[in-house]
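Q: Here it is, the structure in full.
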Amino acid sequence: MAKNSKKATRKFEKNHLKDTLEKRKAGAKIKQRNQVKAKRQARNAKDAEFEGKGGEEESKGKTPVKEDPFGKMNVDDFFQGGFEIPEKLAKQSKSKSKAVPEKLGKRKRSEPEVEDDDSSEASFEEAPVLSDSEDGSDPEDDIGMSKGAMDALASKDPEFYKYLKESDPEALDFDDNADLAEVDDLSGSEDEQPKKKKKKSKKAPVEEVQDEEVSEEEAEDASELTKEMVAKWTKAMKDQHSLRAMRQVVLAFRAAAHVNEDDGKEYKYTISNSQVYHELLVTALKYVPEVLNHHIPVKETAAGKVRVSTDSKKFKTLTALLKSYTSSVHHLLTALSDAPTLKLTLASVIPLLPYLLSFKKLLKNIVKTVVNIWSDSSSDEATRITAFLVVRRLAVIGDPGLREAVLKTVYQGLITGSRSTTVHTIQGINLMKNSAAELWGIDAGVGYATGFTFIRQLAIHLRNSITNNQQESYKTVYNWQYVHSLDFWSCVLSEHCSPVKEAENGKESELRPLIYPTVQVTLGAMRLIPTSTYFPLRFQLMRSLLRLSRATGTYIPLASALLEVLNSNEMKKPAKPSTLKGLDFASNYKAQKAYLRTRVYQDGVGEQVAELLSEFFVLWSTSIAFPELALPVIVMLKRWLKDAGNKSSGNKNIKVNSIFILLFQKIEANAKFIEQHRAKVEFAPNNRAGVDNFLKDFEWEKTPLGAFISGQRKQREEKAKLLEEGRREEDRKRKADREKEKAGAGSDEDMEGVDDSEAGFETDEDDV
């Protein structure tokens, strides 16, 4: 029996489940419309007790007619439609005017067969809650019309207005319920589904009616957007938080997002004035989130969790508008090139994120686009930071699944953005690494899972490169993306596994177990090809490990890798003279053949080794074990200096040799300094607490090696500052030359259409 039941269930799921779900959805829509209709009928009954009075008072001083045009019209429809509508309805045929009360309010989209010989457009025009363009008026006149009618009634007949206010105050609530009903009626079809329209199904009648209404509204009511319209919408959204105004702004904003695009779609508004385009964008990006937050407030806890009442009627009603607006913003992000406009648009996404948590597919597209902007080398620093704030906000308020997706997308963007590394892009790449490292500390559990996966990938690439006998298999490891990946994980672990950070959190970081595999992979990549061509890559990875060791207090044996460089032929043999410019080790991982065995390259490598070796030893300059740690290096340096200083077989490079002589002296002096302090201790080596507290409060800058390193750092900082100023000056000159060329080329050309880089964005950006 169970077997037959299971088979029947499978058969039902295969053949009938889809149709059953579609029928239920269609039935739910019809049920919702019936509920709205029942509400209105209840309100009509409520109005019946004073409708006669109102009719008598309103008819004083007017010519009597055979049939009261307000006979079956409820109070809401009367004041929403204004005083002019009944006169227009009276001009229609008698049969039509009798049917008017039945068609007031929402149009029944689920019953398309009701259409009679009169066109659907006529019925559409008779409903006063629909858009104002239907009665031949200007598209902007809908904002504030109902409120204006109420003001006129209050001044003309204050007694009736007072009675209405006391007996039925809900009838005067046009800013909320009336707007909501209109948005529900007209904006339900904003979420266009062209694919479903083409596909034949049992849902087709309902969807076709919705699509037809959108096309009728946007095609027949297409009008030129003016500054006055935008100003009126802005005022209504700012002062009254009007949903009607927001709907019109969303429709116009969708047209603005696709301006100058020949996509075959028709929009309700056309925009040809650049100033109007600018004002509309500012209004939409600033006030639409504010109106949404007013009607659907976001509640945020102290832990950063947000809550939005997605089950409320308002949220369900505004979902279509929210999706339409978000899609327009997303499209705008993919098309913009002007930095101030792009930054403004990105900033407008942040307040929308709590409302979009239910729409995973839409969020996925937005995150991907924002990460592309964040990782694009052509984006300026301010734009990149704003894009990162969007991603960070989403990681904070999202669930673990969403956080994992965000972290994976960010890591992929980092890898893509670091493909090309030059002296001009290195700062942007460092900005990406430092900012992205923060995300892995938001949820340590998700951070560990994703970090383990990506570090394992790096280890697999390294293993395949070692075991593969193909000639160029090493290129999967020796490239900028791999180097920046290892450096990025060094940044992540340095930030979240430091003793200070762990003390703040009150526990050991969950990411600390990732230190060991990261170090092992980095050391393996460093020694994959130990030739002088890839000494710059070795130095890059060495700095990553030094950062990790300094931040976490983890001992990493780096001296041997540096001594290997010193013992290479590049440093032991005499170099040939060269006029080449010094190699920039910060923006290169490989030395060109022209640099090999040259004096300029030998000098650069010697300076790098001396700097890294001194930075390694200064980390342990106050350690009780420093003499034992330094002894092998002191012996090796003494031997190397003896060979390099040989007049017949040495490298004949006094500059490099003098650097290492000085370093040798400082290391030896620091070892003696520690031995002097160690002779005064009274605890044994097995006393771990005493060993850890040895010179704990002693400043490392006051040690012999520390004082030397402190001075060397200041010199390097001054040198780097001069080089950076020279590079910026060169960039400014290059940029000025390009602008002159563009100005000369574009002096005879006129602007076509609307450009997103209008000057107004730079002045109004602070106000948004």
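Labeling convention for the structure tokens: chains A, B, ... as they appear, residues from 1 per chain, ligands from 1 in order of appearance.
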Skip range 559-565 of chain A itself and residues of its chain fewer than 3 positions away, then list as a VMD selection string all residues within 10 Å of it, counting only C-alpha atoms.
A: chain A and resid 523 526 to 527 530 to 532 535 538 to 539 542 556 568 to 572 605 to 606 608 to 610 612 to 614 616 to 617 629 to 630 632 to 633 636 to 637 640
Q: Just list the residues in range 298-460 of chain A DSSP gives helix (DSSP H, G or I) on the backbone, as a ChimeraX atom specification.
A: /A:313-335,339-356,360-375,381-397,400-417,426-439,444-460
Q: For the selection you just gave me, I'd like the residues written to a file as a short mmCIF file (atom, residue, chain, number, x, y, z; two decimals), in the first residue's frame, keeping C-alpha atoms.
A:
```cif
data_model
loop_
_atom_site.label_atom_id
_atom_site.label_comp_id
_atom_site.auth_asym_id
_atom_site.auth_seq_id
_atom_site.Cartn_x
_atom_site.Cartn_y
_atom_site.Cartn_z
CA LYS A 313 0.35 43.95 3.30
CA LYS A 314 2.48 47.00 2.58
CA PHE A 315 5.58 44.95 1.86
CA LYS A 316 3.72 42.58 -0.44
CA THR A 317 2.14 45.53 -2.22
CA LEU A 318 5.41 47.41 -2.66
CA THR A 319 7.41 44.34 -3.68
CA ALA A 320 6.90 44.96 -7.39
CA LEU A 321 7.97 48.60 -7.10
CA LEU A 322 10.97 47.60 -4.98
CA LYS A 323 12.10 45.04 -7.55
CA SER A 324 11.61 47.47 -10.42
CA TYR A 325 13.58 50.19 -8.66
CA THR A 326 16.37 47.80 -7.65
CA SER A 327 16.63 46.43 -11.18
CA SER A 328 16.95 49.97 -12.51
CA VAL A 329 19.69 50.75 -9.99
CA HIS A 330 21.48 47.54 -10.94
CA HIS A 331 21.28 48.41 -14.64
CA LEU A 332 22.54 51.90 -13.89
CA LEU A 333 25.55 50.50 -12.04
CA THR A 334 26.54 48.45 -15.07
CA ALA A 335 26.29 51.43 -17.41
CA ALA A 339 32.88 58.40 -10.61
CA PRO A 340 30.65 60.83 -8.59
CA THR A 341 27.48 59.38 -10.12
CA LEU A 342 28.66 55.84 -9.53
CA LYS A 343 29.45 56.60 -5.90
CA LEU A 344 26.04 58.21 -5.43
CA THR A 345 24.28 55.19 -6.92
CA LEU A 346 26.26 52.74 -4.81
CA ALA A 347 25.44 54.65 -1.64
CA SER A 348 21.72 54.40 -2.45
CA VAL A 349 21.93 50.59 -2.46
CA ILE A 350 22.90 50.34 1.23
CA PRO A 351 19.48 51.28 2.72
CA LEU A 352 17.75 48.91 0.26
CA LEU A 353 19.62 45.79 1.37
CA PRO A 354 17.33 44.85 4.32
CA TYR A 355 14.35 44.78 1.95
CA LEU A 356 16.17 42.59 -0.58
CA LYS A 360 18.33 35.92 -3.31
CA LYS A 361 18.64 35.97 -7.09
CA LEU A 362 18.39 39.75 -7.27
CA LEU A 363 20.91 40.10 -4.43
CA LYS A 364 23.32 37.76 -6.18
CA ASN A 365 23.32 39.95 -9.30
CA ILE A 366 23.77 43.13 -7.27
CA VAL A 367 26.67 41.69 -5.24
CA LYS A 368 28.40 40.53 -8.39
CA THR A 369 28.09 43.97 -10.00
CA VAL A 370 29.20 45.82 -6.86
CA VAL A 371 32.22 43.53 -6.44
CA ASN A 372 33.16 44.12 -10.08
CA ILE A 373 33.20 47.87 -9.38
CA TRP A 374 35.20 47.30 -6.19
CA SER A 375 37.81 45.21 -8.02
CA GLU A 381 39.42 55.03 -4.32
CA ALA A 382 36.24 56.70 -3.04
CA THR A 383 34.06 54.60 -5.36
CA ARG A 384 35.82 51.41 -4.30
CA ILE A 385 35.33 52.19 -0.63
CA THR A 386 31.62 52.87 -1.19
CA ALA A 387 31.27 49.58 -3.07
CA PHE A 388 32.97 47.78 -0.20
CA LEU A 389 30.56 49.36 2.29
CA VAL A 390 27.68 47.86 0.31
CA VAL A 391 29.25 44.41 0.45
CA ARG A 392 30.14 44.74 4.13
CA ARG A 393 26.62 45.82 5.07
CA LEU A 394 25.20 42.79 3.29
CA ALA A 395 27.66 40.48 5.06
CA VAL A 396 26.64 41.95 8.44
CA ILE A 397 22.86 41.66 8.02
CA PRO A 400 25.38 32.45 7.07
CA GLY A 401 24.49 31.21 3.59
CA LEU A 402 24.44 34.74 2.22
CA ARG A 403 27.70 35.57 4.02
CA GLU A 404 29.38 32.59 2.41
CA ALA A 405 28.19 33.68 -1.03
CA VAL A 406 29.42 37.22 -0.39
CA LEU A 407 32.86 36.03 0.77
CA LYS A 408 33.26 33.78 -2.25
CA THR A 409 32.26 36.57 -4.64
CA VAL A 410 34.63 39.02 -2.95
CA TYR A 411 37.53 36.57 -3.12
CA GLN A 412 36.83 35.91 -6.79
CA GLY A 413 36.76 39.67 -7.41
CA LEU A 414 40.09 40.04 -5.59
CA ILE A 415 41.68 37.36 -7.77
CA THR A 416 40.30 38.96 -10.93
CA GLY A 417 41.34 42.47 -9.92
CA ILE A 426 49.42 48.21 -6.58
CA GLN A 427 47.77 50.69 -4.21
CA GLY A 428 44.29 49.70 -5.38
CA ILE A 429 45.12 46.02 -4.93
CA ASN A 430 46.39 46.66 -1.40
CA LEU A 431 43.16 48.54 -0.68
CA MET A 432 41.18 45.50 -1.84
CA LYS A 433 43.19 43.10 0.32
CA ASN A 434 43.00 45.24 3.45
CA SER A 435 39.28 45.92 3.10
CA ALA A 436 38.29 42.36 2.18
CA ALA A 437 40.25 40.98 5.14
CA GLU A 438 37.73 42.63 7.45
CA LEU A 439 34.86 40.54 6.06
CA ALA A 444 34.43 33.36 12.15
CA GLY A 445 32.72 30.05 11.39
CA VAL A 446 31.91 30.97 7.80
CA GLY A 447 35.30 32.67 7.51
CA TYR A 448 37.14 29.52 8.56
CA ALA A 449 35.16 27.31 6.16
CA THR A 450 35.77 29.54 3.15
CA GLY A 451 39.37 30.25 4.15
CA PHE A 452 40.16 26.55 4.49
CA THR A 453 38.66 25.87 1.05
CA PHE A 454 40.63 28.59 -0.71
CA ILE A 455 43.94 27.82 1.04
CA ARG A 456 43.45 24.18 0.13
CA GLN A 457 43.03 25.22 -3.50
CA LEU A 458 46.35 27.05 -3.34
CA ALA A 459 48.00 23.96 -1.85
CA ILE A 460 46.58 21.78 -4.63
#
```
Q: Choose the residue, out of A:Asp697, A:Glu508, A:Asp584, A:Glu495, that has the smallest atom-to-atom separation from Leu537 in chain A; count only C-alpha atoms.
A: A:Asp584
Q: Find the residues near Leu462 in chain A: any atom within 8 Å, counting only C-alpha atoms, skip ones fewer than 5 places away on the same chain, and give them as an MDAnalysis selection string.
A: chainID A and resid 476:477 521 524:525
Q: Would you write out those residues with N, CA and C atoms, as a PDB file, in the first residue's frame?
A:
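Output file out-v4.pdb follows:
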```pdb
ATOM      1  N   THR A 476      51.296  28.141 -12.943  1.00  0.00           N
ATOM      2  CA  THR A 476      50.064  28.177 -12.155  1.00  0.00           C
ATOM      3  C   THR A 476      50.302  28.733 -10.754  1.00  0.00           C
ATOM      4  N   VAL A 477      51.568  28.744 -10.331  1.00  0.00           N
ATOM      5  CA  VAL A 477      51.936  29.282  -9.016  1.00  0.00           C
ATOM      6  C   VAL A 477      52.648  30.618  -9.152  1.00  0.00           C
ATOM      7  N   VAL A 521      52.251  26.511   2.691  1.00  0.00           N
ATOM      8  CA  VAL A 521      52.055  26.754   1.255  1.00  0.00           C
ATOM      9  C   VAL A 521      52.951  27.894   0.787  1.00  0.00           C
ATOM     10  N   GLY A 524      56.525  26.710   0.542  1.00  0.00           N
ATOM     11  CA  GLY A 524      56.675  25.829  -0.612  1.00  0.00           C
ATOM     12  C   GLY A 524      56.702  26.586  -1.919  1.00  0.00           C
ATOM     13  N   ALA A 525      55.838  27.594  -2.052  1.00  0.00           N
ATOM     14  CA  ALA A 525      55.831  28.401  -3.275  1.00  0.00           C
ATOM     15  C   ALA A 525      57.112  29.214  -3.400  1.00  0.00           C
TER      16      ALA A 525
END
```
Q: What's around Asp731 in chain A at 10 Å? Count only C-alpha atoms, leave out sequence neighbours fewer than 6 positions away in its own chain, and write the answer as a PyMOL selection string.
A: chain A and resi 424+725+737
Q: Write the residues of the selection above to a file with N, CA and C atoms, as a compact mmCIF listing (two decimals), in the first residue's frame.
A:
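File again10.txt, as written:
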```txt
# COMPACT_ATOMS: atom_id res chain seq x y z
N HIS A 424 51.06 51.53 -10.83
CA HIS A 424 49.85 52.35 -10.75
C HIS A 424 48.68 51.62 -10.11
N GLU A 725 55.74 60.82 -4.55
CA GLU A 725 55.45 62.17 -5.04
C GLU A 725 55.84 62.31 -6.51
N ASP A 737 47.68 65.87 -19.99
CA ASP A 737 47.90 65.72 -21.43
C ASP A 737 46.72 65.02 -22.09
```
Q: Between A:Lys702, A:Lys638, A:His461, A:Arg547, which is the closest to Cys491 in chain A once you count only C-alpha atoms?
A: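 Selected residue with least distance to Cys491 in chain A: A:Arg547.
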Q: Hey, what's within 8 Å of range 665-672 of chain A if we count only C-alpha atoms and toss same-chain stuff fewer than 5 positions away? As a count of residues only, please?
A: 10
Q: Can you check which residues of range 277-430 of chain A DSSP gives as strand (DSSP E) on the backbone and send them as a PyMOL selection string?
A: chain A and resi 299-300+306-307
Q: Identify which of the residues A:Ala551, A:Phe698, A:Thr622, A:Asn651 lies closest to Thr598 in chain A, counting only C-alpha atoms when measuring atom-to-atom distances.
A: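 For Thr598 in chain A, the nearest of the given residues is A:Asn651.
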Q: For Ser587 in chain A, which residue among A:Ala45, A:Ile529, A:Val230, A:Val423 is the nearest when counting only C-alpha atoms?
A: A:Val423
Q: Between CA of Val288 in chain A and CA of Val308 in chain A, what is the distance, to one decimal in Å?
A: 16.6 Å
Q: Between A:Val291, A:Leu17, A:Leu486, A:Ala575, which has the minimum distance to Thr518 in chain A (counting only C-alpha atoms)?
A: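 Among the listed residues, A:Leu486 lies closest to Thr518 in chain A.
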